[in-house]
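What follows is run-v1.cif (mmCIF, C-alpha atoms and all ligand atoms).
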data_final
#
loop_
_atom_site.label_atom_id
_atom_site.label_comp_id
_atom_site.auth_asym_id
_atom_site.auth_seq_id
_atom_site.Cartn_x
_atom_site.Cartn_y
_atom_site.Cartn_z
CA MET A 1 0.00 0.00 0.00
CA ARG A 2 1.31 3.44 -0.94
CA HIS A 3 1.22 6.16 1.69
CA ARG A 4 0.96 9.89 1.09
CA ILE A 5 3.93 10.17 3.41
CA PRO A 6 5.89 6.90 3.32
CA PHE A 7 8.26 5.82 6.04
CA ASN A 8 11.28 5.65 3.76
CA LYS A 9 11.99 6.53 0.15
CA PRO A 10 15.04 5.62 -1.95
CA PHE A 11 16.51 8.68 -3.64
CA ILE A 12 19.04 10.03 -6.13
CA ALA A 13 21.29 12.80 -4.81
CA GLY A 14 23.85 13.26 -7.60
CA ARG A 15 25.34 11.34 -10.50
CA GLU A 16 24.14 7.82 -9.53
CA LEU A 17 22.30 7.07 -12.82
CA GLU A 18 25.16 8.38 -14.91
CA TYR A 19 27.61 6.17 -13.00
CA ILE A 20 25.40 3.09 -13.35
CA ALA A 21 25.34 3.64 -17.13
CA GLU A 22 29.11 4.15 -17.08
CA SER A 23 29.53 0.85 -15.23
CA VAL A 24 27.42 -1.09 -17.74
CA LEU A 25 29.06 0.50 -20.79
CA GLY A 26 32.52 0.16 -19.24
CA GLY A 27 32.19 -3.62 -19.34
CA HIS A 28 33.00 -4.44 -15.70
CA THR A 29 29.78 -4.97 -13.75
CA SER A 30 30.94 -7.81 -11.48
CA GLY A 31 33.07 -7.58 -8.34
CA ASP A 32 36.45 -5.85 -7.89
CA GLY A 33 35.58 -3.22 -10.50
CA PRO A 34 36.48 0.47 -10.79
CA PHE A 35 33.51 1.81 -8.80
CA MET A 36 34.08 -0.68 -5.99
CA LYS A 37 37.63 0.62 -5.68
CA ARG A 38 36.43 4.24 -5.71
CA CYS A 39 33.89 3.51 -2.95
CA GLU A 40 36.48 1.70 -0.84
CA LYS A 41 38.95 4.56 -1.25
CA TRP A 42 36.28 7.09 -0.31
CA LEU A 43 35.19 5.12 2.76
CA ALA A 44 38.75 4.54 3.99
CA GLY A 45 39.64 8.18 3.38
CA ARG A 46 36.56 9.45 5.13
CA THR A 47 36.75 7.18 8.17
CA GLY A 48 40.53 6.87 8.43
CA ALA A 49 40.18 3.07 8.44
CA ALA A 50 43.20 0.98 7.48
CA ARG A 51 41.11 -0.87 4.86
CA VAL A 52 37.48 -1.05 3.85
CA LEU A 53 36.06 -3.86 1.70
CA LEU A 54 32.77 -3.35 -0.10
CA THR A 55 30.35 -6.26 0.36
CA THR A 56 26.90 -7.32 -0.79
CA SER A 57 25.40 -6.21 2.54
CA CYS A 58 26.17 -5.36 6.15
CA THR A 59 24.96 -8.89 6.92
CA ALA A 60 27.72 -10.24 4.65
CA ALA A 61 30.29 -7.97 6.32
CA LEU A 62 29.24 -9.30 9.75
CA GLU A 63 29.52 -12.87 8.45
CA MET A 64 33.02 -12.12 7.20
CA ALA A 65 33.92 -10.68 10.61
CA GLY A 66 32.65 -13.88 12.22
CA LEU A 67 34.86 -15.93 9.88
CA LEU A 68 37.89 -13.69 10.44
CA CYS A 69 37.45 -13.98 14.23
CA GLY A 70 37.78 -17.74 13.77
CA LEU A 71 34.55 -18.41 15.66
CA ARG A 72 33.78 -22.06 16.35
CA PRO A 73 30.79 -24.00 17.66
CA GLY A 74 30.49 -23.42 21.41
CA ASP A 75 31.99 -19.91 21.29
CA GLU A 76 29.96 -17.00 22.65
CA VAL A 77 29.50 -13.48 21.32
CA ILE A 78 28.03 -10.75 23.52
CA MET A 79 25.50 -8.42 21.88
CA PRO A 80 22.25 -6.56 22.59
CA SER A 81 18.92 -8.29 22.03
CA TYR A 82 17.60 -4.96 20.76
CA THR A 83 19.03 -5.21 17.22
CA PHE A 84 18.42 -6.49 13.72
CA VAL A 85 18.54 -10.26 13.19
CA SER A 86 21.77 -10.13 11.16
CA THR A 87 23.83 -9.19 14.22
CA ALA A 88 22.98 -12.55 15.77
CA ASN A 89 22.69 -14.65 12.61
CA ALA A 90 26.18 -13.85 11.39
CA MET A 91 27.61 -15.34 14.60
CA LEU A 92 25.13 -18.20 14.76
CA LEU A 93 26.16 -19.29 11.25
CA ARG A 94 29.63 -19.96 12.67
CA GLY A 95 28.09 -22.04 15.47
CA ALA A 96 28.65 -19.32 18.05
CA ARG A 97 25.96 -18.52 20.61
CA PRO A 98 24.61 -14.97 20.79
CA VAL A 99 24.75 -13.94 24.46
CA PHE A 100 22.33 -11.07 24.96
CA VAL A 101 22.78 -8.15 27.31
CA ASP A 102 20.21 -5.46 28.17
CA ILE A 103 20.33 -1.90 26.80
CA ARG A 104 20.60 1.56 28.36
CA PRO A 105 17.32 3.43 28.64
CA ASP A 106 18.81 6.72 27.35
CA THR A 107 20.47 5.65 24.07
CA LEU A 108 19.00 2.14 23.60
CA ASN A 109 22.57 0.93 23.11
CA ILE A 110 24.07 -2.10 24.85
CA ASP A 111 24.57 -1.32 28.56
CA GLU A 112 28.35 -1.40 28.84
CA ASN A 113 28.10 -1.92 32.61
CA LEU A 114 26.36 -5.28 32.11
CA ILE A 115 28.89 -6.74 29.67
CA GLU A 116 31.53 -7.96 32.13
CA ALA A 117 29.03 -10.17 33.99
CA ALA A 118 28.18 -11.89 30.68
CA ILE A 119 31.80 -12.83 29.90
CA THR A 120 32.62 -16.54 30.31
CA PRO A 121 35.64 -18.67 29.32
CA ARG A 122 33.81 -19.28 26.00
CA THR A 123 33.38 -15.60 25.10
CA ARG A 124 35.28 -14.67 21.93
CA ALA A 125 33.87 -11.31 20.92
CA ILE A 126 31.71 -8.33 21.86
CA LEU A 127 29.37 -7.02 19.18
CA PRO A 128 28.15 -3.49 20.02
CA VAL A 129 25.40 -2.07 17.79
CA HIS A 130 25.44 1.71 17.38
CA TYR A 131 21.68 2.14 17.45
CA ALA A 132 20.32 5.04 15.40
CA GLY A 133 23.90 6.06 14.62
CA VAL A 134 24.64 6.94 18.25
CA ALA A 135 27.84 5.46 19.64
CA CYS A 136 28.01 2.74 22.27
CA GLU A 137 30.45 3.41 25.14
CA MET A 138 33.45 2.23 23.18
CA ASP A 139 36.12 3.13 25.78
CA THR A 140 34.57 0.72 28.28
CA ILE A 141 33.98 -1.95 25.63
CA MET A 142 37.52 -1.78 24.23
CA ALA A 143 38.99 -1.93 27.75
CA LEU A 144 36.93 -5.04 28.58
CA ALA A 145 37.98 -6.63 25.29
CA ALA A 146 41.65 -5.94 26.01
CA ALA A 147 41.39 -7.29 29.56
CA HIS A 148 39.69 -10.52 28.43
CA ASP A 149 41.44 -10.94 25.05
CA LEU A 150 38.23 -10.56 23.01
CA LYS A 151 37.56 -9.20 19.52
CA VAL A 152 35.21 -6.27 19.05
CA ILE A 153 32.96 -6.23 15.98
CA GLU A 154 31.06 -2.95 15.60
CA ASP A 155 27.67 -3.24 13.96
CA ALA A 156 27.86 0.23 12.46
CA ALA A 157 25.09 -0.49 9.93
CA GLN A 158 23.37 2.78 10.86
CA ALA A 159 26.45 4.71 11.87
CA LEU A 160 28.51 5.84 8.85
CA GLY A 161 29.64 9.40 9.61
CA SER A 162 28.97 9.23 13.37
CA ARG A 163 31.75 9.65 15.91
CA TYR A 164 32.60 8.66 19.47
CA LYS A 165 34.88 11.17 21.20
CA GLY A 166 36.00 12.29 17.75
CA ARG A 167 36.64 8.76 16.42
CA GLU A 168 34.67 7.41 13.46
CA LEU A 169 32.28 4.60 14.32
CA GLY A 170 33.13 1.34 12.61
CA THR A 171 36.87 2.00 12.99
CA ILE A 172 37.29 1.67 16.76
CA GLY A 173 36.88 -2.12 17.11
CA HIS A 174 38.82 -4.89 15.37
CA PHE A 175 36.10 -5.02 12.72
CA GLY A 176 33.27 -2.72 11.69
CA ALA A 177 30.30 -3.25 9.37
CA PHE A 178 28.37 -0.58 7.46
CA SER A 179 25.09 -0.95 5.54
CA PHE A 180 23.94 0.75 2.34
CA HIS A 181 20.50 -0.84 2.37
CA GLU A 182 17.84 1.50 1.01
CA THR A 183 16.70 2.41 4.53
CA LYS A 184 20.13 3.78 5.55
CA ASN A 185 21.57 7.30 5.07
CA VAL A 186 23.49 6.52 1.86
CA ILE A 187 22.15 3.68 -0.21
CA CYS A 188 22.58 1.39 -3.20
CA GLY A 189 19.60 -0.94 -2.74
CA GLU A 190 21.54 -3.67 -0.98
CA GLY A 191 25.14 -3.15 0.04
CA GLY A 192 27.61 -3.02 2.88
CA ALA A 193 31.24 -2.70 3.83
CA LEU A 194 33.65 -4.42 6.18
CA VAL A 195 36.14 -2.21 8.00
CA LEU A 196 39.38 -3.94 8.93
CA GLY A 197 41.22 -2.59 11.93
CA GLN A 198 44.93 -2.40 12.68
CA ASP A 199 46.05 -6.05 12.90
CA THR A 200 44.74 -6.23 9.36
CA GLN A 201 43.82 -9.58 7.86
CA LEU A 202 43.32 -7.93 4.52
CA GLU A 203 44.66 -10.74 2.36
CA ARG A 204 42.45 -13.36 4.06
CA ALA A 205 39.43 -11.04 4.00
CA GLU A 206 39.82 -10.56 0.23
CA ILE A 207 39.96 -14.34 -0.21
CA LEU A 208 36.85 -14.99 1.92
CA ARG A 209 34.99 -12.34 -0.08
CA GLU A 210 35.94 -13.95 -3.42
CA LYS A 211 34.54 -17.44 -2.79
CA GLY A 212 37.71 -18.61 -1.06
CA THR A 213 39.91 -17.86 -4.08
CA ASP A 214 42.91 -15.60 -4.58
CA ARG A 215 41.18 -13.80 -7.46
CA ALA A 216 42.07 -10.39 -5.97
CA ARG A 217 45.77 -11.28 -6.23
CA PHE A 218 45.14 -12.45 -9.81
CA PHE A 219 43.50 -9.13 -10.71
CA ARG A 220 46.56 -7.33 -9.35
CA GLY A 221 48.80 -9.54 -11.49
CA GLN A 222 50.40 -11.19 -8.45
CA VAL A 223 49.49 -14.72 -9.57
CA ASP A 224 48.88 -15.93 -13.14
CA LYS A 225 45.92 -18.19 -12.33
CA TYR A 226 43.54 -17.88 -9.41
CA THR A 227 42.58 -20.89 -7.39
CA TRP A 228 40.79 -22.22 -4.31
CA VAL A 229 42.83 -21.40 -1.22
CA ASP A 230 40.40 -21.11 1.73
CA VAL A 231 36.73 -21.21 2.70
CA GLY A 232 34.67 -18.30 1.48
CA SER A 233 31.54 -17.10 -0.18
CA SER A 234 30.34 -14.50 -2.64
CA PHE A 235 30.52 -11.46 -0.40
CA ILE A 236 31.80 -9.08 -3.08
CA SER A 237 29.78 -6.13 -4.36
CA SER A 238 28.67 -5.82 -7.99
CA ASP A 239 30.19 -2.78 -9.67
CA LEU A 240 26.68 -1.74 -10.77
CA LEU A 241 25.67 -1.24 -7.15
CA ALA A 242 29.04 0.29 -6.32
CA ALA A 243 28.36 2.82 -9.10
CA TYR A 244 25.06 3.74 -7.45
CA LEU A 245 26.78 3.97 -4.08
CA TYR A 246 29.64 6.12 -5.34
CA GLY A 247 27.14 8.66 -6.66
CA GLN A 248 25.68 8.82 -3.14
CA LEU A 249 29.02 8.98 -1.32
CA GLU A 250 30.01 12.01 -3.41
CA GLN A 251 26.92 13.72 -1.93
CA PHE A 252 27.53 12.52 1.62
CA ASP A 253 27.82 16.01 3.12
CA PRO A 254 24.68 17.51 1.54
CA ILE A 255 22.74 14.32 2.41
CA THR A 256 23.86 14.55 6.04
CA ALA A 257 23.11 18.28 6.16
CA ARG A 258 19.56 17.70 4.95
CA ARG A 259 19.06 14.89 7.48
CA LYS A 260 20.33 17.18 10.23
CA GLN A 261 17.68 19.73 9.25
CA ILE A 262 14.93 17.10 9.21
CA HIS A 263 16.01 15.89 12.64
CA ALA A 264 16.10 19.43 14.02
CA ASN A 265 12.63 20.14 12.59
CA TYR A 266 11.18 17.07 14.32
CA ALA A 267 12.84 17.98 17.62
CA ALA A 268 11.55 21.58 17.45
CA GLN A 269 8.03 20.71 16.31
CA LEU A 270 7.61 17.92 18.88
CA ALA A 271 9.11 19.89 21.79
CA PRO A 272 5.67 20.90 23.16
CA LEU A 273 4.65 17.21 23.34
CA VAL A 274 7.87 16.41 25.19
CA ALA A 275 7.23 19.31 27.58
CA ALA A 276 3.68 18.08 28.16
CA GLY A 277 4.98 14.62 29.05
CA HIS A 278 3.23 12.85 26.14
CA ILE A 279 6.44 11.57 24.57
CA THR A 280 10.11 11.24 25.42
CA LEU A 281 13.09 11.17 23.08
CA PRO A 282 16.23 9.02 23.15
CA THR A 283 19.39 10.87 24.16
CA VAL A 284 22.47 11.69 22.09
CA PRO A 285 25.32 12.08 24.62
CA ASP A 286 27.54 15.15 24.16
CA HIS A 287 30.61 13.07 23.26
CA CYS A 288 28.71 11.31 20.43
CA GLU A 289 28.56 13.07 17.06
CA PHE A 290 25.45 11.87 15.31
CA ASN A 291 24.69 11.17 11.61
CA TYR A 292 20.92 11.76 12.02
CA HIS A 293 20.07 8.23 10.98
CA LEU A 294 16.56 8.12 12.41
CA PHE A 295 14.03 9.92 14.55
CA ALA A 296 12.30 7.85 17.21
CA ILE A 297 9.82 8.81 19.88
CA LEU A 298 8.89 6.85 23.01
CA LEU A 299 5.20 6.62 23.88
CA ARG A 300 3.77 5.95 27.32
CA ASP A 301 2.84 2.34 26.52
CA THR A 302 2.20 -0.14 23.70
CA ALA A 303 -1.51 0.68 23.49
CA THR A 304 -0.75 4.38 22.92
CA ARG A 305 1.75 3.43 20.23
CA ALA A 306 -0.78 1.23 18.46
CA ALA A 307 -3.40 3.99 18.58
CA LEU A 308 -0.95 6.58 17.23
CA ILE A 309 0.11 4.28 14.38
CA GLU A 310 -3.56 3.84 13.49
CA HIS A 311 -4.22 7.59 13.68
CA LEU A 312 -1.29 8.27 11.31
CA GLN A 313 -2.31 5.41 9.04
CA ALA A 314 -5.77 6.95 8.63
CA LEU A 315 -3.98 10.09 7.36
CA SER A 316 -1.87 7.94 5.00
CA ILE A 317 1.30 8.49 7.03
CA LEU A 318 3.45 5.43 7.69
CA ALA A 319 5.31 5.21 11.00
CA VAL A 320 6.92 1.92 12.02
CA PHE A 321 8.62 0.35 15.01
CA HIS A 322 11.47 -2.07 15.56
CA TYR A 323 12.89 -4.37 16.86
CA VAL A 324 11.10 -7.37 18.23
CA PRO A 325 13.73 -8.19 20.87
CA LEU A 326 15.74 -11.12 19.55
CA HIS A 327 15.44 -13.01 22.85
CA THR A 328 11.62 -13.04 22.65
CA SER A 329 11.48 -13.98 18.95
CA PRO A 330 10.73 -17.60 17.98
CA MET A 331 14.41 -18.11 17.16
CA GLY A 332 15.46 -16.54 20.46
CA GLU A 333 13.21 -18.96 22.29
CA LYS A 334 14.76 -21.86 20.37
CA LEU A 335 18.11 -20.65 21.71
CA GLY A 336 16.71 -20.92 25.24
CA TYR A 337 15.86 -17.30 25.96
CA ARG A 338 12.53 -16.16 27.39
CA ALA A 339 10.57 -12.98 28.00
CA GLY A 340 11.45 -11.19 31.22
CA GLN A 341 15.21 -11.56 30.93
CA PHE A 342 15.99 -8.07 29.60
CA PRO A 343 13.47 -5.64 31.07
CA VAL A 344 14.78 -2.38 29.55
CA THR A 345 14.83 -3.92 26.06
CA GLU A 346 11.32 -5.30 26.49
CA ASP A 347 9.94 -2.03 27.87
CA LEU A 348 11.45 0.34 25.29
CA SER A 349 10.94 -1.88 22.23
CA ALA A 350 7.23 -1.98 23.08
CA ARG A 351 6.93 1.83 23.19
CA LEU A 352 9.26 3.11 20.47
CA LEU A 353 8.00 4.53 17.19
CA ARG A 354 10.05 5.75 14.21
CA LEU A 355 8.76 8.67 12.19
CA PRO A 356 9.04 9.06 8.39
CA PHE A 357 12.62 10.09 7.63
CA TYR A 358 14.18 10.31 4.17
CA PHE A 359 16.29 12.73 2.14
CA GLU A 360 13.36 14.03 0.08
CA LEU A 361 10.95 14.47 3.01
CA SER A 362 9.66 18.02 2.49
CA ASP A 363 9.20 20.60 5.24
CA ASP A 364 5.47 20.64 4.48
CA ASP A 365 5.14 16.87 4.80
CA GLN A 366 7.11 16.94 8.01
CA ARG A 367 4.75 19.55 9.44
CA THR A 368 1.85 17.31 8.41
CA VAL A 369 3.39 14.46 10.43
CA THR A 370 4.03 16.52 13.56
CA ALA A 371 0.62 18.21 13.34
CA ALA A 372 -1.01 14.78 13.12
CA ILE A 373 0.83 13.62 16.23
CA ALA A 374 -0.12 16.80 18.12
CA GLU A 375 -3.75 16.31 17.05
CA PHE A 376 -3.65 12.72 18.33
CA PHE A 377 -2.67 13.83 21.83
CA ALA A 378 -5.05 16.82 21.79
CA GLU A 379 -7.95 14.44 21.04
CA ARG A 380 -6.96 12.03 23.80
CA THR A 381 -6.62 14.66 26.49
CA SER A 382 -9.69 16.71 25.59
C1 LIG A 401 20.34 -2.52 8.48
C2 LIG A 401 21.02 -3.22 9.59
C3 LIG A 401 21.71 -4.43 9.38
C4 LIG A 401 21.69 -5.18 8.08
O1 LIG A 401 22.18 -4.47 7.01
P1 LIG A 401 22.06 -5.14 5.54
O2 LIG A 401 22.94 -4.26 4.71
O3 LIG A 401 20.62 -5.06 5.17
O4 LIG A 401 22.55 -6.51 5.64
C5 LIG A 401 22.40 -4.99 10.45
N1 LIG A 401 22.39 -4.42 11.65
C6 LIG A 401 21.72 -3.27 11.91
C7 LIG A 401 21.76 -2.69 13.27
C8 LIG A 401 21.00 -2.65 10.87
O5 LIG A 401 20.32 -1.53 11.13
#
Just dump the structure as structure tokens.
Amino acid sequence: MRHRIPFNKPFIAGRELEYIAESVLGGHTSGDGPFMKRCEKWLAGRTGAARVLLTTSCTAALEMAGLLCGLRPGDEVIMPSYTFVSTANAMLLRGARPVFVDIRPDTLNIDENLIEAAITPRTRAILPVHYAGVACEMDTIMALAAAHDLKVIEDAAQALGSRYKGRELGTIGHFGAFSFHETKNVICGEGGALVLGQDTQLERAEILREKGTDRARFFRGQVDKYTWVDVGSSFISSDLLAAYLYGQLEQFDPITARRKQIHANYAAQLAPLVAAGHITLPTVPDHCEFNYHLFAILLRDTATRAALIEHLQALSILAVFHYVPLHTSPMGEKLGYRAGQFPVTEDLSARLLRLPFYFELSDDDQRTVTAAIAEFFAERTS
């Protein structure tokens, strides 16, 4: 069903269509092509990462991180339950158990003070998710990882361009994963990137990404025939999608500036509802620079959220919520988790609502959304 004001809308910000045509006509549309290299150079330059590898998705980048960590059946990886399924699946595919930890009520990020209690002799990695593009407490997480000899994989799917104490998210841990899915800030339909930290396993990462072959070395002329050298899969990005992405990356600053404006408009227009106690907003701590990935509000309870969704729906405005906590999902229950284990996650996930947020959202449409929300509360309190 089409909404007058959708929740998300894919967009063109610059030369994307021109670059896609250039990719097709240039004759290299598969992996390891010219646009992939331009995207990787841009991402590494922008974030200061040692190396960035473009992948088919953030999910694929997380799977590669799981492989590069050498996870084995019986290993444990600590992560929030309040996240997208890929965070857990990528580890589960290696046989590792996702060990969930509750979130902080202010940022909805993993509660760094609960991590140490979850560490066991089987723990191999910590997987912080920078929810909404707001940084987890990376100083605490990196110190715990160092003390217990663990890897840190940052799920930075939503966090390209955000910083923690001046450092780019995705580059602080041993591995980082970005997403360019059409719901993220810069997009190419489906796409992602793996950030490799200092003790770089670049050569192995390139092999895993190319179906376990040394094709990357072959392309560089370092071997005269490529062959099967390791496990792997097809994690490498098509140059067609990289062409789309490069057109977006070139416009990264104007895209972020527009999102900043949209975020500021929501905050200003909803301030009276916050003051009246109808809604609360998640916090962005002062030491976290934010990429304006999403705008979420917290309602008093689930029933209020359901009623507001219905009110907006009647006006053809689509607002959505996420996530069903992983520990209460059918798969979470199969893993032995049950409702009641992570109270902050369960409480906030039941009350959070995301408002329409996309590059082309007009000021008028935004005012329509906030007026509709104000009207909802005016009707309920009158
Ligand atoms: C979007 C998202 C993913 C998955 O990204 P894909 O590129 O669709 O695989 C993973 N984790 C989080 C937190 C996300 O928001």
TODO: List every protein, DNA or RNA residue with an atom no more than 7 Å from (30.2, -5.3, 3.7) in the file's coordinates, counting all atoms listed in the file, and format the result as a ChimeraX atom specification.
DONE: /A:53-58,60-61,177-179,191-194
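Residues of protein or nucleic acid lying within 7 Å of ligand LIG 401 (chain A), counting all atoms listed in the file, are Ser57, Cys58, Thr59, Ala60, Thr83, Phe84, Ser86, Thr87, Val129, Tyr131, Asp155, Ala156, Ala157, Gln158, Ser179, Phe180, His181, Lys184, Glu190, Gly191 and Gly192 of chain A.
Interatomic distance, CA of Phe321 (chain A) against CA of Ala96 (chain A): 28.2 Å.
Taking CA of Thr345 (chain A) and CA of Ala135 (chain A) as endpoints, the distance between them is 17.3 Å.
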Polymer residues at most 9 Å from (40.7, -20.3, -9.5) by only C-alpha atoms, as a PyMOL selection string:
chain A and resi 213-215+225-229
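Counting from CA of Glu203 (chain A), the distance to CA of Gly232 (chain A) is 12.6 Å.
Each of A:Glu289, A:Asp102, A:Glu210, A:Asp149 was checked against Gly340 (chain A) using all atoms listed in the file; the smallest atom-to-atom distance is that of A:Asp102.
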Gly26 (chain A) proximity check over A:His263, A:Pro285, A:Arg354, A:Ala243, using all atoms listed in the file: winner is A:Ala243
